[in-house]
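Printed here is upload.cif (mmCIF, C-alpha atoms):
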data_start
#
loop_
_atom_site.group_PDB
_atom_site.id
_atom_site.type_symbol
_atom_site.label_atom_id
_atom_site.label_comp_id
_atom_site.auth_asym_id
_atom_site.auth_seq_id
_atom_site.Cartn_x
_atom_site.Cartn_y
_atom_site.Cartn_z
ATOM 1 C CA MET A 166 4.426 98.708 215.355
ATOM 2 C CA VAL A 167 3.747 101.824 213.272
ATOM 3 C CA THR A 168 5.866 100.465 210.417
ATOM 4 C CA TRP A 169 3.833 97.305 209.827
ATOM 5 C CA ILE A 170 0.566 99.251 209.954
ATOM 6 C CA PHE A 171 1.610 101.767 207.336
ATOM 7 C CA THR A 172 3.028 99.113 205.001
ATOM 8 C CA ASN A 173 -0.521 97.750 204.706
ATOM 9 C CA PRO A 174 -2.674 100.257 202.775
ATOM 10 C CA LEU A 175 -5.908 98.785 204.216
ATOM 11 C CA LEU A 176 -4.785 99.302 207.793
ATOM 12 C CA ALA A 177 -3.474 102.782 207.001
ATOM 13 C CA ALA A 178 -6.835 103.703 205.389
ATOM 14 C CA ALA A 179 -8.778 102.300 208.345
ATOM 15 C CA LEU A 180 -6.692 104.184 210.899
ATOM 16 C CA GLY A 181 -6.688 107.393 208.845
ATOM 17 C CA CYS A 182 -10.476 107.374 208.474
ATOM 18 C CA ALA A 183 -10.939 106.498 212.149
ATOM 19 C CA GLY A 184 -8.698 109.422 213.117
ATOM 20 C CA MET A 185 -10.522 111.906 210.872
ATOM 21 C CA SER A 186 -13.896 110.667 212.085
ATOM 22 C CA ALA A 187 -12.808 110.993 215.726
ATOM 23 C CA VAL A 188 -11.626 114.580 215.123
ATOM 24 C CA LEU A 189 -15.002 115.580 213.623
ATOM 25 C CA VAL A 190 -17.044 113.860 216.337
ATOM 26 C CA VAL A 191 -14.935 115.258 219.182
ATOM 27 C CA TRP A 192 -15.203 118.727 217.589
ATOM 28 C CA TYR A 193 -18.996 118.368 217.648
ATOM 29 C CA LEU A 194 -19.045 117.142 221.269
ATOM 30 C CA VAL A 195 -16.677 119.861 222.538
ATOM 31 C CA ARG A 196 -17.831 122.891 220.524
ATOM 32 C CA ARG A 197 -21.555 121.977 220.644
ATOM 33 C CA PRO A 198 -22.524 123.851 217.453
ATOM 34 C CA PRO A 199 -26.246 124.232 216.556
ATOM 35 C CA LEU A 200 -27.640 121.498 214.288
ATOM 36 C CA THR A 201 -27.497 123.487 211.059
ATOM 37 C CA HIS A 202 -27.207 121.938 207.594
ATOM 38 C CA ALA A 203 -23.439 122.481 207.696
ATOM 39 C CA THR A 204 -23.144 120.687 211.056
ATOM 40 C CA LYS A 205 -25.218 117.801 209.735
ATOM 41 C CA LEU A 206 -22.947 117.498 206.715
ATOM 42 C CA VAL A 207 -19.874 117.418 208.963
ATOM 43 C CA LEU A 208 -21.549 114.749 211.102
ATOM 44 C CA LEU A 209 -22.521 112.785 207.986
ATOM 45 C CA ALA A 210 -18.796 112.353 207.404
ATOM 46 C CA GLY A 211 -17.968 111.899 211.103
ATOM 47 C CA ILE A 212 -20.747 109.461 212.045
ATOM 48 C CA GLY A 213 -21.536 107.937 208.634
ATOM 49 C CA GLY A 214 -18.988 107.997 205.827
ATOM 50 C CA LEU A 215 -15.642 107.775 207.576
ATOM 51 C CA PRO A 216 -16.675 105.096 210.145
ATOM 52 C CA LEU A 217 -18.176 103.067 207.279
ATOM 53 C CA ILE A 218 -14.829 103.127 205.466
ATOM 54 C CA THR A 219 -13.076 102.272 208.755
ATOM 55 C CA ALA A 220 -15.444 99.331 209.303
ATOM 56 C CA ALA A 221 -15.107 98.044 205.739
ATOM 57 C CA THR A 222 -11.310 98.224 205.594
ATOM 58 C CA GLY A 223 -10.994 97.165 209.246
ATOM 59 C CA ASN A 224 -13.155 94.087 208.586
ATOM 60 C CA VAL A 225 -11.046 93.003 205.631
ATOM 61 C CA ALA A 226 -7.895 93.569 207.693
ATOM 62 C CA GLY A 227 -9.510 91.660 210.584
ATOM 63 C CA PHE A 228 -10.382 88.694 208.390
ATOM 64 C CA GLU A 229 -6.826 88.659 207.049
ATOM 65 C CA ALA A 230 -5.469 88.857 210.608
ATOM 66 C CA THR A 231 -7.473 85.758 211.598
ATOM 67 C CA LYS A 232 -5.446 83.746 209.055
ATOM 68 C CA THR A 233 -2.064 84.487 210.603
ATOM 69 C CA ARG A 234 -0.044 82.225 212.889
ATOM 70 C CA LEU A 235 0.296 85.146 215.311
ATOM 71 C CA PHE A 236 -3.502 85.116 215.708
ATOM 72 C CA CYS A 237 -3.725 81.330 216.242
ATOM 73 C CA GLY A 238 -0.779 81.380 218.643
ATOM 74 C CA SER A 239 -2.249 84.206 220.720
ATOM 75 C CA CYS A 240 -4.222 81.611 222.739
ATOM 76 C CA HIS A 241 -1.654 80.163 225.153
ATOM 77 C CA VAL A 242 -2.675 76.550 224.470
ATOM 78 C CA MET A 243 -1.592 76.985 220.845
ATOM 79 C CA THR A 244 1.884 78.371 221.584
ATOM 80 C CA PRO A 245 3.710 74.981 221.322
ATOM 81 C CA TYR A 246 2.168 74.564 217.861
ATOM 82 C CA SER A 247 3.065 78.085 216.673
ATOM 83 C CA ASN A 248 6.532 77.904 218.252
ATOM 84 C CA ASP A 249 7.180 74.645 216.410
ATOM 85 C CA SER A 250 6.068 76.228 213.127
ATOM 86 C CA GLU A 251 8.443 79.131 213.682
ATOM 87 C CA ASP A 252 11.403 76.911 214.593
ATOM 88 C CA PRO A 253 13.760 76.892 211.570
ATOM 89 C CA HIS A 254 15.351 73.631 212.790
ATOM 90 C CA SER A 255 12.123 71.713 213.340
ATOM 91 C CA THR A 256 11.505 68.822 210.977
ATOM 92 C CA THR A 257 7.797 68.368 211.709
ATOM 93 C CA LEU A 258 5.371 68.404 208.802
ATOM 94 C CA ALA A 259 3.857 71.664 210.071
ATOM 95 C CA ALA A 260 7.242 73.420 210.348
ATOM 96 C CA ARG A 261 8.402 72.233 206.940
ATOM 97 C CA HIS A 262 5.196 73.603 205.405
ATOM 98 C CA ALA A 263 5.591 76.889 207.317
ATOM 99 C CA ARG A 264 9.019 77.338 205.714
ATOM 100 C CA ASN A 265 7.340 77.207 202.290
ATOM 101 C CA ALA A 266 6.707 80.772 201.118
ATOM 102 C CA LEU A 267 3.230 79.785 199.872
ATOM 103 C CA PHE A 268 2.209 78.982 203.467
ATOM 104 C CA GLY A 269 4.491 81.317 205.417
ATOM 105 C CA GLU A 270 2.775 83.279 208.165
ATOM 106 C CA GLU A 271 -0.576 81.694 207.294
ATOM 107 C CA ASN A 272 0.489 78.054 207.601
ATOM 108 C CA CYS A 273 -2.118 77.176 210.302
ATOM 109 C CA TYR A 274 -4.944 78.486 208.135
ATOM 110 C CA ALA A 275 -3.613 76.969 204.905
ATOM 111 C CA CYS A 276 -3.768 73.433 206.369
ATOM 112 C CA HIS A 277 -6.765 73.729 208.713
ATOM 113 C CA ALA A 278 -9.087 75.699 206.411
ATOM 114 C CA ASN A 279 -11.960 73.985 204.685
ATOM 115 C CA TYR A 280 -11.838 74.349 200.947
ATOM 116 C CA GLY A 281 -14.716 74.601 198.487
ATOM 117 C CA MET A 282 -17.420 77.204 197.916
ATOM 118 C CA TYR A 283 -18.388 77.662 201.568
ATOM 119 C CA GLY A 284 -14.952 76.769 202.948
ATOM 120 C CA THR A 285 -14.178 80.212 204.337
ATOM 121 C CA ILE A 286 -17.536 80.475 206.118
ATOM 122 C CA ILE A 287 -17.263 76.947 207.560
ATOM 123 C CA THR A 288 -13.695 77.691 208.706
ATOM 124 C CA LYS A 289 -14.763 80.942 210.380
ATOM 125 C CA LEU A 290 -17.657 79.195 212.142
ATOM 126 C CA GLY A 291 -15.203 76.550 213.357
ATOM 127 C CA GLY A 292 -12.972 79.385 214.581
ATOM 128 C CA LEU A 293 -15.853 80.850 216.587
ATOM 129 C CA ARG A 294 -16.248 77.453 218.220
ATOM 130 C CA HIS A 295 -12.541 77.510 219.113
ATOM 131 C CA VAL A 296 -12.948 80.910 220.785
ATOM 132 C CA TYR A 297 -15.991 79.609 222.696
ATOM 133 C CA GLU A 298 -14.119 76.509 223.869
ATOM 134 C CA TYR A 299 -11.027 78.500 224.784
ATOM 135 C CA THR A 300 -12.920 81.161 226.714
ATOM 136 C CA LEU A 301 -15.053 78.703 228.686
ATOM 137 C CA HIS A 302 -12.828 75.631 229.083
ATOM 138 C CA TYR A 303 -9.157 76.221 228.271
ATOM 139 C CA HIS A 304 -8.470 79.801 229.313
ATOM 140 C CA ASN A 305 -7.163 78.967 232.784
ATOM 141 C CA MET A 306 -5.783 75.532 231.933
ATOM 142 C CA SER A 307 -2.051 74.818 232.124
ATOM 143 C CA LEU A 308 -0.263 73.887 228.897
ATOM 144 C CA LYS A 309 0.302 70.350 230.195
ATOM 145 C CA GLU A 310 -3.385 69.841 230.972
ATOM 146 C CA ALA A 311 -4.450 71.419 227.701
ATOM 147 C CA ARG A 312 -2.071 69.294 225.661
ATOM 148 C CA ALA A 313 -3.639 66.153 227.073
ATOM 149 C CA LYS A 314 -7.147 67.368 226.283
ATOM 150 C CA ILE A 315 -6.796 69.209 222.965
ATOM 151 C CA HIS A 316 -7.520 67.113 219.925
ATOM 152 C CA ILE A 317 -8.546 67.772 216.359
ATOM 153 C CA ARG A 318 -12.353 67.666 216.178
ATOM 154 C CA GLU A 319 -12.612 65.771 212.898
ATOM 155 C CA PRO A 320 -9.983 63.575 211.227
ATOM 156 C CA PHE A 321 -7.639 65.599 209.036
ATOM 157 C CA GLN A 322 -8.972 65.487 205.478
ATOM 158 C CA ASN A 323 -6.656 64.246 202.721
ATOM 159 C CA SER A 324 -8.402 66.722 200.415
ATOM 160 C CA THR A 325 -6.598 69.497 202.297
ATOM 161 C CA CYS A 326 -3.232 67.987 201.289
ATOM 162 C CA MET A 327 -4.504 67.346 197.770
ATOM 163 C CA HIS A 328 -5.343 71.009 197.412
ATOM 164 C CA CYS A 329 -1.623 71.481 196.634
ATOM 165 C CA HIS A 330 -0.348 67.910 196.131
ATOM 166 C CA SER A 331 -2.366 66.817 193.113
ATOM 167 C CA THR A 332 -2.867 63.067 192.859
ATOM 168 C CA ASP A 333 -2.855 63.456 189.069
ATOM 169 C CA ASN A 334 0.716 64.699 189.080
ATOM 170 C CA PRO A 335 3.052 62.114 187.429
ATOM 171 C CA LEU A 336 5.810 62.956 189.920
ATOM 172 C CA TRP A 337 3.439 62.250 192.810
ATOM 173 C CA ASN A 338 2.328 59.003 191.202
ATOM 174 C CA ALA A 339 5.939 57.974 190.632
ATOM 175 C CA VAL A 340 6.138 57.264 194.387
ATOM 176 C CA LYS A 341 5.173 53.585 194.685
ATOM 177 C CA ASP A 342 3.259 54.002 197.961
ATOM 178 C CA HIS A 343 1.212 56.844 196.478
ATOM 179 C CA ALA A 344 0.315 54.860 193.370
ATOM 180 C CA SER A 345 -0.635 51.716 195.272
ATOM 181 C CA LEU A 346 -2.784 53.612 197.776
ATOM 182 C CA LEU A 347 -4.328 56.075 195.311
ATOM 183 C CA PRO A 348 -8.019 54.992 195.607
ATOM 184 C CA ARG A 349 -7.783 54.768 199.407
ATOM 185 C CA LEU A 350 -6.080 58.151 199.646
ATOM 186 C CA ARG A 351 -8.750 59.729 197.464
ATOM 187 C CA ASP A 352 -11.645 58.263 199.460
ATOM 188 C CA GLY A 353 -9.925 59.131 202.747
ATOM 189 C CA SER A 354 -9.730 55.592 204.153
ATOM 190 C CA VAL A 355 -5.944 56.042 204.489
ATOM 191 C CA SER A 356 -4.672 59.326 205.882
ATOM 192 C CA CYS A 357 -1.647 61.109 204.414
ATOM 193 C CA ALA A 358 -0.746 62.031 208.004
ATOM 194 C CA SER A 359 -0.951 58.507 209.370
ATOM 195 C CA ALA A 360 1.987 56.789 211.046
ATOM 196 C CA GLY A 361 4.072 54.987 208.440
ATOM 197 C CA CYS A 362 3.182 57.562 205.774
ATOM 198 C CA HIS A 363 3.991 61.230 206.440
ATOM 199 C CA GLY A 364 3.121 61.016 210.137
ATOM 200 C CA PRO A 365 1.234 63.581 212.213
ATOM 201 C CA ALA A 366 1.891 67.263 211.450
ATOM 202 C CA HIS A 367 2.447 68.016 215.147
ATOM 203 C CA PRO A 368 4.155 64.837 216.427
ATOM 204 C CA PHE A 369 4.963 66.318 219.874
ATOM 205 C CA SER A 370 1.218 66.490 220.569
ATOM 206 C CA LYS A 371 0.910 62.717 220.087
ATOM 207 C CA VAL A 372 3.620 61.769 222.587
ATOM 208 C CA PRO A 373 1.938 60.462 225.777
ATOM 209 C CA LEU A 374 2.587 62.679 228.818
ATOM 210 C CA MET B 163 -27.151 148.480 211.916
ATOM 211 C CA THR B 164 -25.735 144.988 212.378
ATOM 212 C CA ASP B 165 -25.888 141.857 210.199
ATOM 213 C CA GLU B 166 -26.211 139.477 213.133
ATOM 214 C CA VAL B 167 -27.699 136.118 212.291
ATOM 215 C CA PRO B 168 -30.598 135.353 214.624
ATOM 216 C CA GLU B 169 -29.991 132.364 216.907
ATOM 217 C CA PRO B 170 -32.241 129.423 216.016
ATOM 218 C CA ALA B 171 -35.087 128.945 218.477
ATOM 219 C CA VAL B 172 -34.406 126.131 220.980
ATOM 220 C CA THR B 173 -37.526 123.985 220.996
ATOM 221 C CA PRO B 174 -37.997 120.720 222.944
ATOM 222 C CA MET B 175 -37.812 118.983 219.548
ATOM 223 C CA SER B 176 -34.438 120.509 218.650
ATOM 224 C CA ARG B 177 -33.146 119.824 222.179
ATOM 225 C CA ARG B 178 -34.032 116.163 221.719
ATOM 226 C CA ALA B 179 -32.365 116.138 218.303
ATOM 227 C CA THR B 180 -29.195 117.645 219.795
ATOM 228 C CA LEU B 181 -29.185 115.093 222.609
ATOM 229 C CA GLY B 182 -29.739 112.274 220.092
ATOM 230 C CA MET B 183 -26.900 113.566 217.950
ATOM 231 C CA ARG B 184 -24.571 113.682 220.986
ATOM 232 C CA ILE B 185 -25.492 110.092 221.856
ATOM 233 C CA ALA B 186 -24.746 109.125 218.232
ATOM 234 C CA ALA B 187 -21.397 110.930 218.452
ATOM 235 C CA VAL B 188 -20.433 109.106 221.673
ATOM 236 C CA LEU B 189 -21.524 105.741 220.200
ATOM 237 C CA THR B 190 -19.402 106.478 217.120
ATOM 238 C CA LEU B 191 -16.345 107.064 219.314
ATOM 239 C CA ILE B 192 -16.967 103.765 221.162
ATOM 240 C CA GLY B 193 -17.351 101.882 217.857
ATOM 241 C CA LEU B 194 -14.219 103.497 216.426
ATOM 242 C CA GLY B 195 -12.301 102.625 219.585
ATOM 243 C CA LEU B 196 -13.221 98.956 219.238
ATOM 244 C CA MET B 197 -12.291 98.910 215.555
ATOM 245 C CA VAL B 198 -8.938 100.619 216.112
ATOM 246 C CA TRP B 199 -8.194 98.248 219.014
ATOM 247 C CA SER B 200 -8.749 95.253 216.725
ATOM 248 C CA ILE B 201 -6.383 96.741 214.132
ATOM 249 C CA LEU B 202 -3.615 97.481 216.631
ATOM 250 C CA VAL B 203 -4.006 94.213 218.583
ATOM 251 C CA PRO B 204 -5.254 91.586 216.076
ATOM 252 C CA THR B 205 -5.978 88.818 218.611
ATOM 253 C CA PRO B 206 -9.283 86.885 218.930
ATOM 254 C CA MET B 207 -11.058 89.040 221.524
ATOM 255 C CA PRO B 208 -10.484 92.500 219.983
ATOM 256 C CA VAL B 209 -11.198 91.224 216.446
ATOM 257 C CA MET B 210 -14.437 89.520 217.532
ATOM 258 C CA LEU B 211 -15.545 92.512 219.602
ATOM 259 C CA ALA B 212 -14.892 94.885 216.702
ATOM 260 C CA MET B 213 -16.817 92.699 214.253
ATOM 261 C CA THR B 214 -19.819 92.294 216.581
ATOM 262 C CA ALA B 215 -20.177 95.014 219.224
ATOM 263 C CA GLY B 216 -18.157 97.559 217.217
ATOM 264 C CA GLN B 217 -20.357 97.066 214.151
ATOM 265 C CA ALA B 218 -23.564 97.148 216.212
ATOM 266 C CA VAL B 219 -22.585 100.331 218.070
ATOM 267 C CA GLY B 220 -21.446 102.082 214.876
ATOM 268 C CA THR B 221 -24.584 101.079 212.983
ATOM 269 C CA SER B 222 -26.785 102.279 215.866
ATOM 270 C CA ALA B 223 -24.991 105.641 215.854
ATOM 271 C CA PHE B 224 -25.537 106.062 212.110
ATOM 272 C CA GLY B 225 -29.164 104.910 212.527
ATOM 273 C CA ILE B 226 -29.774 107.602 215.150
ATOM 274 C CA TYR B 227 -28.160 110.215 212.869
ATOM 275 C CA ILE B 228 -30.340 109.188 209.886
ATOM 276 C CA PHE B 229 -33.471 109.172 212.074
ATOM 277 C CA ILE B 230 -32.816 112.717 213.364
ATOM 278 C CA VAL B 231 -31.930 114.149 209.956
ATOM 279 C CA VAL B 232 -34.883 112.537 208.173
ATOM 280 C CA ARG B 233 -37.297 113.711 210.890
ATOM 281 C CA GLN B 234 -36.018 117.291 210.654
ATOM 282 C CA LEU B 235 -36.151 117.233 206.853
ATOM 283 C CA ARG B 236 -39.744 115.993 206.882
ATOM 284 C CA ARG B 237 -40.708 118.730 209.348
ATOM 285 C CA GLU B 238 -39.069 121.368 207.165
ATOM 286 C CA LEU B 239 -40.814 120.043 204.062
ATOM 287 C CA ARG B 240 -44.193 120.129 205.832
ATOM 288 C CA LYS B 241 -43.641 123.802 206.657
#
Now, as a test, write the supplied structure out as structure tokens.
Amino acid sequence: MVTWIFTNPLLAAALGCAGMSAVLVVWYLVRRPPLTHATKLVLLAGIGGLPLITAATGNVAGFEATKTRLFCGSCHVMTPYSNDSEDPHSTTLAARHARNALFGEENCYACHANYGMYGTIITKLGGLRHVYEYTLHYHNMSLKEARAKIHIREPFQNSTCMHCHSTDNPLWNAVKDHASLLPRLRDGSVSCASAGCHGPAHPFSKVPL
Amino acid sequence: MTDEVPEPAVTPMSRRATLGMRIAAVLTLIGLGLMVWSILVPTPMPVMLAMTAGQAVGTSAFGIYIFIVVRQLRRELRK
């Protein structure tokens, strides 16, 4: 565990500052020195400066952590999805994308994030909704029950696919089905992930129980 | 002859400041604990707690510190 923390400078900075801050604050609580100017300066670092650096670096690290597959898969109802992404032999759309280095450990976020100016904020708000739903409705549900109930809230947007697969690319347009469906793919009336095209990204979730 | 520094007088005001500072110190430790937890275990609950409760507790601690220091500075300036 220590290795992965210290390979990330942000996490190392956050933990280092938290440690130094804790030492100063505990010193103040145990030794109980009078509130002189020197003590106040020490506490300025212990209560102000160092925790602020911890919070800033910790927040960035936290936001980055929310993009990882490990984070998404930490709710038990998502484990079949994350396990499939990690399976090197799986041929699902999600797994094939996860094997692409550009997606890698962040393949859930790369496909389910909203793009555009406020994309990150909208995605994070959607994530809060997921936590709310999980805590209140899915936390004690079996995987079988959850699989029957879980569904994507809004239809998967083609624009998410087009973020990487440009419809202006000649190679993309060389595929006859792409070229013939171009206007309908752009306006979203035909989904890239529909049956007969690329199919659903998580096909096992569509099989009736 | 000794060069002993006289102990500062303990007034009700300074006692309150000391108590406030101790509360700020304890709040800081709680906030730090939540933040470190979210770093070591980056799963939804710790991360959300650190970004909400952790931030609120840490900010309150710093607020108490600023309040005490500013009040003491103003009193010293008045003297």
Interface list for chain B, partner chain A, 8 Å threshold, all atoms listed in the file, as an MDAnalysis selection string: chainID B and resid 170 180 184 186:188 190:191 194 197:198 200:201 204:206 209 213 217 220 223:224 227 231
Answer key for the PyMOL selection byres ((chain A and resi 277) around 12), residues as a ChimeraX atom specification: /A:232-234,237,259,268,271-276,278-280,284-285,287-289,291-292,317-326,328,366
Output C-alpha atoms for every residue in the selection just made, as a PDB file, in the frame of the given file.
ATOM      1  CA  LYS A 232      -5.446  83.746 209.055  1.00  0.00           C
ATOM      2  CA  THR A 233      -2.064  84.487 210.603  1.00  0.00           C
ATOM      3  CA  ARG A 234      -0.044  82.225 212.889  1.00  0.00           C
ATOM      4  CA  CYS A 237      -3.725  81.330 216.242  1.00  0.00           C
ATOM      5  CA  ALA A 259       3.857  71.664 210.071  1.00  0.00           C
ATOM      6  CA  PHE A 268       2.209  78.982 203.467  1.00  0.00           C
ATOM      7  CA  GLU A 271      -0.576  81.694 207.294  1.00  0.00           C
ATOM      8  CA  ASN A 272       0.489  78.054 207.601  1.00  0.00           C
ATOM      9  CA  CYS A 273      -2.118  77.176 210.302  1.00  0.00           C
ATOM     10  CA  TYR A 274      -4.944  78.486 208.135  1.00  0.00           C
ATOM     11  CA  ALA A 275      -3.613  76.969 204.905  1.00  0.00           C
ATOM     12  CA  CYS A 276      -3.768  73.433 206.369  1.00  0.00           C
ATOM     13  CA  ALA A 278      -9.087  75.699 206.411  1.00  0.00           C
ATOM     14  CA  ASN A 279     -11.960  73.985 204.685  1.00  0.00           C
ATOM     15  CA  TYR A 280     -11.838  74.349 200.947  1.00  0.00           C
ATOM     16  CA  GLY A 284     -14.952  76.769 202.948  1.00  0.00           C
ATOM     17  CA  THR A 285     -14.178  80.212 204.337  1.00  0.00           C
ATOM     18  CA  ILE A 287     -17.263  76.947 207.560  1.00  0.00           C
ATOM     19  CA  THR A 288     -13.695  77.691 208.706  1.00  0.00           C
ATOM     20  CA  LYS A 289     -14.763  80.942 210.380  1.00  0.00           C
ATOM     21  CA  GLY A 291     -15.203  76.550 213.357  1.00  0.00           C
ATOM     22  CA  GLY A 292     -12.972  79.385 214.581  1.00  0.00           C
ATOM     23  CA  ILE A 317      -8.546  67.772 216.359  1.00  0.00           C
ATOM     24  CA  ARG A 318     -12.353  67.666 216.178  1.00  0.00           C
ATOM     25  CA  GLU A 319     -12.612  65.771 212.898  1.00  0.00           C
ATOM     26  CA  PRO A 320      -9.983  63.575 211.227  1.00  0.00           C
ATOM     27  CA  PHE A 321      -7.639  65.599 209.036  1.00  0.00           C
ATOM     28  CA  GLN A 322      -8.972  65.487 205.478  1.00  0.00           C
ATOM     29  CA  ASN A 323      -6.656  64.246 202.721  1.00  0.00           C
ATOM     30  CA  SER A 324      -8.402  66.722 200.415  1.00  0.00           C
ATOM     31  CA  THR A 325      -6.598  69.497 202.297  1.00  0.00           C
ATOM     32  CA  CYS A 326      -3.232  67.987 201.289  1.00  0.00           C
ATOM     33  CA  HIS A 328      -5.343  71.009 197.412  1.00  0.00           C
ATOM     34  CA  ALA A 366       1.891  67.263 211.450  1.00  0.00           C
TER      35      ALA A 366
END
Å distance separating atom CA of Leu175 of chain A from atom CA of Met210 of chain B, one decimal place: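 Taking atom CA of Leu175 of chain A as the start and atom CA of Met210 of chain B as the end point, the length is 18.3 Å.
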Computed interatomic separation between atom CA of His304 of chain A and atom CA of Leu258 of chain A (Å): 27.2 Å
For atom CA of His367 of chain A and atom CA of Tyr246 of chain A, the interatomic separation in Å (one decimal):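 It comes out at 7.1 Å.
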Hits of the PyMOL selection byres ((chain A and resi 332) around 9) in this structure, as a ChimeraX atom specification: /A:327,330-331,333-335,337-338,343-344,347,350-351
Keeping only C-alpha atoms, write the selected residues as a PDB file, keeping the file's coordinate frame.
ATOM      1  CA  MET A 327      -4.504  67.346 197.770  1.00  0.00           C
ATOM      2  CA  HIS A 330      -0.348  67.910 196.131  1.00  0.00           C
ATOM      3  CA  SER A 331      -2.366  66.817 193.113  1.00  0.00           C
ATOM      4  CA  ASP A 333      -2.855  63.456 189.069  1.00  0.00           C
ATOM      5  CA  ASN A 334       0.716  64.699 189.080  1.00  0.00           C
ATOM      6  CA  PRO A 335       3.052  62.114 187.429  1.00  0.00           C
ATOM      7  CA  TRP A 337       3.439  62.250 192.810  1.00  0.00           C
ATOM      8  CA  ASN A 338       2.328  59.003 191.202  1.00  0.00           C
ATOM      9  CA  HIS A 343       1.212  56.844 196.478  1.00  0.00           C
ATOM     10  CA  ALA A 344       0.315  54.860 193.370  1.00  0.00           C
ATOM     11  CA  LEU A 347      -4.328  56.075 195.311  1.00  0.00           C
ATOM     12  CA  LEU A 350      -6.080  58.151 199.646  1.00  0.00           C
ATOM     13  CA  ARG A 351      -8.750  59.729 197.464  1.00  0.00           C
TER      14      ARG A 351
END
Selection dump of the PyMOL selection byres ((chain A and resi 311) around 12), as a list in words: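 Output from the PyMOL selection byres ((chain A and resi 311) around 12), applied to this file: Cys240, His241, Val242, Met243, Thr244, Pro245, Glu298, Tyr299, His302, Tyr303, His304, Asn305, Met306, Ser307, Leu308, Lys309, Glu310, Arg312, Ala313, Lys314, Ile315, His316, Ser370 and Leu374 of chain A.
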How big is the axis-aligned box, and where does its centre sit, when it encloses all atoms of segment 184-189 of chain B listed in the file and has 3 Å added on every side, reported in Å to one decimal as AutoDock Vina command-line options?
--center_x -23.0 --center_y 109.7 --center_z 220.0 --size_x 11.1 --size_y 13.9 --size_z 9.6
